[in-house]
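For reference, run_6.tsv (TSV, C-alpha atoms and all ligand atoms):
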```tsv
chain	number	residue	atom	x	y	z
A	1	MET	CA	-1.72	-23.42	-1.26
A	2	SER	CA	-3.81	-20.38	-0.48
A	3	GLU	CA	-5.41	-18.26	-3.17
A	4	PRO	CA	-3.26	-15.45	-4.59
A	5	SER	CA	-4.02	-12.10	-2.98
A	6	ILE	CA	-5.85	-9.38	-4.87
A	7	PHE	CA	-2.54	-7.49	-5.12
A	8	THR	CA	-0.72	-10.48	-6.60
A	9	ARG	CA	-3.51	-10.78	-9.15
A	10	ILE	CA	-3.15	-7.09	-10.03
A	11	LEU	CA	0.63	-7.45	-10.33
A	12	GLN	CA	0.17	-10.42	-12.65
A	13	GLY	CA	-2.34	-8.50	-14.77
A	14	GLU	CA	-5.29	-10.74	-13.93
A	15	ILE	CA	-7.21	-7.82	-12.41
A	16	PRO	CA	-6.99	-4.47	-14.17
A	17	SER	CA	-5.33	-1.69	-12.18
A	18	GLU	CA	-2.72	0.72	-13.45
A	19	ILE	CA	0.67	0.18	-11.85
A	20	ILE	CA	1.69	3.80	-11.32
A	21	ALA	CA	5.23	3.12	-10.08
A	22	GLU	CA	7.54	0.20	-9.53
A	23	THR	CA	10.87	-0.59	-7.95
A	24	GLU	CA	12.73	-3.90	-8.05
A	25	ASN	CA	10.68	-5.37	-5.21
A	26	ALA	CA	7.63	-3.14	-4.80
A	27	PHE	CA	4.86	-1.52	-6.83
A	28	ALA	CA	2.14	1.07	-6.40
A	29	ILE	CA	-1.49	1.47	-7.45
A	30	ARG	CA	-4.33	3.88	-6.71
A	31	ASP	CA	-6.74	2.65	-4.05
A	32	ILE	CA	-10.03	1.65	-5.67
A	33	ALA	CA	-11.99	3.33	-2.83
A	34	PRO	CA	-10.00	6.44	-1.95
A	35	LYS	CA	-10.28	7.78	1.60
A	36	ALA	CA	-8.39	11.01	0.79
A	37	PRO	CA	-7.82	13.18	-2.31
A	38	VAL	CA	-4.63	11.18	-2.87
A	39	HIS	CA	-4.80	7.54	-1.76
A	40	LEU	CA	-2.15	5.22	-3.10
A	41	LEU	CA	-1.09	1.73	-2.06
A	42	VAL	CA	2.56	0.64	-2.03
A	43	ILE	CA	2.95	-3.11	-2.02
A	44	PRO	CA	5.89	-5.53	-1.88
A	45	LYS	CA	5.80	-7.81	-4.92
A	46	THR	CA	6.25	-10.85	-2.72
A	47	PRO	CA	3.04	-11.98	-0.98
A	48	GLN	CA	4.95	-13.71	1.80
A	49	TYR	CA	4.45	-11.07	4.51
A	50	ARG	CA	0.93	-10.62	5.90
A	51	ASP	CA	1.53	-7.32	7.66
A	52	VAL	CA	4.13	-4.71	8.48
A	53	VAL	CA	5.25	-6.47	11.66
A	54	GLU	CA	6.12	-9.62	9.71
A	55	LEU	CA	7.79	-7.53	7.00
A	56	ALA	CA	9.90	-5.57	9.47
A	57	ALA	CA	11.06	-8.77	11.13
A	58	GLY	CA	11.60	-10.72	7.92
A	59	ASP	CA	13.00	-8.18	5.47
A	60	PRO	CA	13.71	-4.70	6.86
A	61	ALA	CA	15.38	-3.66	3.60
A	62	LEU	CA	12.15	-4.38	1.75
A	63	LEU	CA	10.21	-2.33	4.30
A	64	ALA	CA	12.65	0.53	3.66
A	65	GLU	CA	12.09	0.11	-0.10
A	66	VAL	CA	8.30	0.36	0.42
A	67	VAL	CA	8.69	3.51	2.55
A	68	GLY	CA	11.09	4.99	-0.01
A	69	LEU	CA	8.67	4.40	-2.87
A	70	ALA	CA	5.86	5.89	-0.77
A	71	ASN	CA	7.95	9.00	-0.20
A	72	THR	CA	8.84	9.32	-3.89
A	73	LEU	CA	5.18	9.06	-4.86
A	74	ALA	CA	4.11	11.51	-2.17
A	75	GLY	CA	6.58	13.98	-3.66
A	76	GLU	CA	4.89	13.56	-7.05
A	77	HIS	CA	1.24	13.40	-6.00
A	78	THR	CA	1.01	15.60	-2.89
A	79	ASP	CA	2.65	18.67	-1.37
A	80	GLY	CA	5.20	16.23	0.07
A	81	GLU	CA	3.44	15.78	3.38
A	82	PHE	CA	1.47	12.62	3.78
A	83	ARG	CA	0.14	9.94	6.06
A	84	LEU	CA	1.57	6.42	5.83
A	85	VAL	CA	-0.78	3.76	7.24
A	86	PHE	CA	-0.29	0.03	7.66
A	87	ASN	CA	-3.50	-1.50	8.95
A	88	THR	CA	-2.37	-4.47	11.01
A	89	GLY	CA	-4.98	-7.11	11.78
A	90	ALA	CA	-8.64	-7.47	10.87
A	91	ALA	CA	-9.84	-5.62	13.96
A	92	ALA	CA	-7.74	-2.66	12.82
A	93	GLY	CA	-9.34	-2.65	9.40
A	94	GLN	CA	-6.92	-4.82	7.44
A	95	THR	CA	-8.79	-6.66	4.68
A	96	VAL	CA	-5.95	-7.79	2.41
A	97	PHE	CA	-3.32	-9.93	4.15
A	98	HIS	CA	-0.51	-9.10	1.74
A	99	VAL	CA	1.28	-6.23	3.42
A	100	HIS	CA	0.71	-2.80	1.89
A	101	ALA	CA	1.21	0.83	2.85
A	102	HIS	CA	-1.59	3.35	2.39
A	103	VAL	CA	-0.21	6.72	1.25
A	104	LEU	CA	-2.81	9.37	2.07
A	105	GLY	CA	-2.44	13.02	1.22
A	106	GLY	CA	-3.74	16.11	-0.49
A	107	GLY	CA	-6.12	17.93	1.82
A	108	LEU	CA	-6.08	15.77	4.92
A	109	THR	CA	-8.11	17.03	7.84
A	110	GLU	CA	-5.69	18.97	10.01
A	111	GLY	CA	-4.60	17.04	13.05
A	112	SER	CA	-6.95	14.15	12.44
A	113	LEU	CA	-6.09	10.50	12.42
A	114	GLY	CA	-9.64	9.54	11.53
B	1	LIG	P1	-6.62	-2.79	4.02
B	1	LIG	O1	-8.08	-2.63	4.38
B	1	LIG	O2	-6.24	-4.25	3.92
B	1	LIG	O3	-5.67	-1.99	4.86
B	1	LIG	O4	-6.49	-2.15	2.57
B	1	LIG	C1	-6.87	-2.78	1.40
B	1	LIG	C2	-7.17	-1.70	0.40
B	1	LIG	O5	-7.20	-2.28	-0.88
B	1	LIG	C3	-8.52	-1.01	0.62
B	1	LIG	O6	-8.32	0.38	0.86
B	1	LIG	C4	-9.27	-1.26	-0.68
B	1	LIG	O7	-10.03	-0.14	-1.11
B	1	LIG	C5	-8.16	-1.60	-1.65
B	1	LIG	N1	-8.56	-2.51	-2.72
B	1	LIG	C6	-9.26	-3.67	-2.57
B	1	LIG	N2	-9.45	-4.26	-3.77
B	1	LIG	C7	-8.84	-3.46	-4.69
B	1	LIG	C8	-8.71	-3.55	-6.11
B	1	LIG	O8	-9.16	-4.47	-6.77
B	1	LIG	N3	-8.01	-2.54	-6.72
B	1	LIG	C9	-7.48	-1.49	-6.02
B	1	LIG	N4	-6.83	-0.55	-6.74
B	1	LIG	N5	-7.60	-1.39	-4.68
B	1	LIG	C10	-8.28	-2.35	-4.02
```
Please express the file's structure as structure tokens.
Ligand code: 5GP
Amino acid sequence: MSEPSIFTRILQGEIPSEIIAETENAFAIRDIAPKAPVHLLVIPKTPQYRDVVELAAGDPALLAEVVGLANTLAGEHTDGEFRLVFNTGAAAGQTVFHVHAHVLGGGLTEGSLG
């Protein structure tokens, strides 16, 4: 069996990180290295999906739950407008292969995807 992901270890309390919100099947934390004034991560509790493509194919309802939690948090932590990013593959910057959504907001550079 492979090692538990960093997010599973956070969920299980092995690595300290405040869980700022939770639904039945997903949870959210603050990114340890924020790339925007607000940078949250929304993560399915199950580690079984590596990326958003696998999640969409395997459990679209869970993907919808992740997006819903991201939207709820964006309403609480930003002006309600936000960027939702799923890095997909190492060459695209994915470093943790337990699918997660980046919620970025609060003073994003206008028009930029960088
Ligand atoms: P990825 O690069 O896979 O799309 O995103 C992984 C994210 O997890 C990165 O933005 C990174 O800063 C964040 N991260 C990695 N380790 C930890 C940690 O121990 N705690 C928290 N809160 N975030 C982490």
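Computed from the coordinates, the atom CA of Ile29 of chain A to atom CA of Thr95 of chain A distance equals 16.3 Å.
Non-sequential neighbours of Ile32 of chain A (distance at most 10 Å, separation of 3 or more positions within a chain, only C-alpha atoms) are Ser17, Ile29, Lys35, His39, Leu40 and Leu41 of chain A.
You will find atom CA of Val53 of chain A at 25.1 Å from atom CA of Gln12 of chain A.
Checking A:Asp79, A:Gly68, A:Pro37, A:Phe97 one by one against Thr8 of chain A, counting all atoms listed in the file, you find the shortest gap at A:Phe97.
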**OP:** Kindly compile the residues surrounding ligand LIG 1 (chain B) within 9 Å, counting only C-alpha atoms and all ligand atoms, and format them as a count of residues only.
**Re:** 35
Original post:
From the set A:Val103, A:Leu108, A:Ile43, A:Leu11, which residue has the shortest atom-to-atom contact distance to Glu76 of chain A, counting all atoms listed in the file?
Top reply: A:Val103
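Shortest atom-to-atom contact with Leu84 of chain A among A:Thr72, A:Leu104, A:Ser5, A:Pro47: A:Leu104, counting all atoms listed in the file.
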Original post:
Taking into account only C-alpha atoms, which residue in the set A:Glu81, A:Val38, A:Gly106, A:Ala21 is nearest to Val66 of chain A?
Top reply: A:Ala21
Original post:
Quick one, how far is atom CA of Arg50 of chain A from atom CA of Gly105 of chain A?
Top reply: 24.3 Å
Original post:
Hey, which of A:Ile19, A:Gly75, A:Val67, A:Gly107 ends up closest to Leu55 of chain A? Count only C-alpha atoms.
Top reply: A:Val67
Edge lengths and centre in Å, axis-aligned, segment 92-96 of chain A plus 4 Å each side, as JSON:
```
{"center_x": -7.6, "center_y": -5.2, "center_z": 7.6, "size_x": 11.4, "size_y": 13.1, "size_z": 18.4}
```
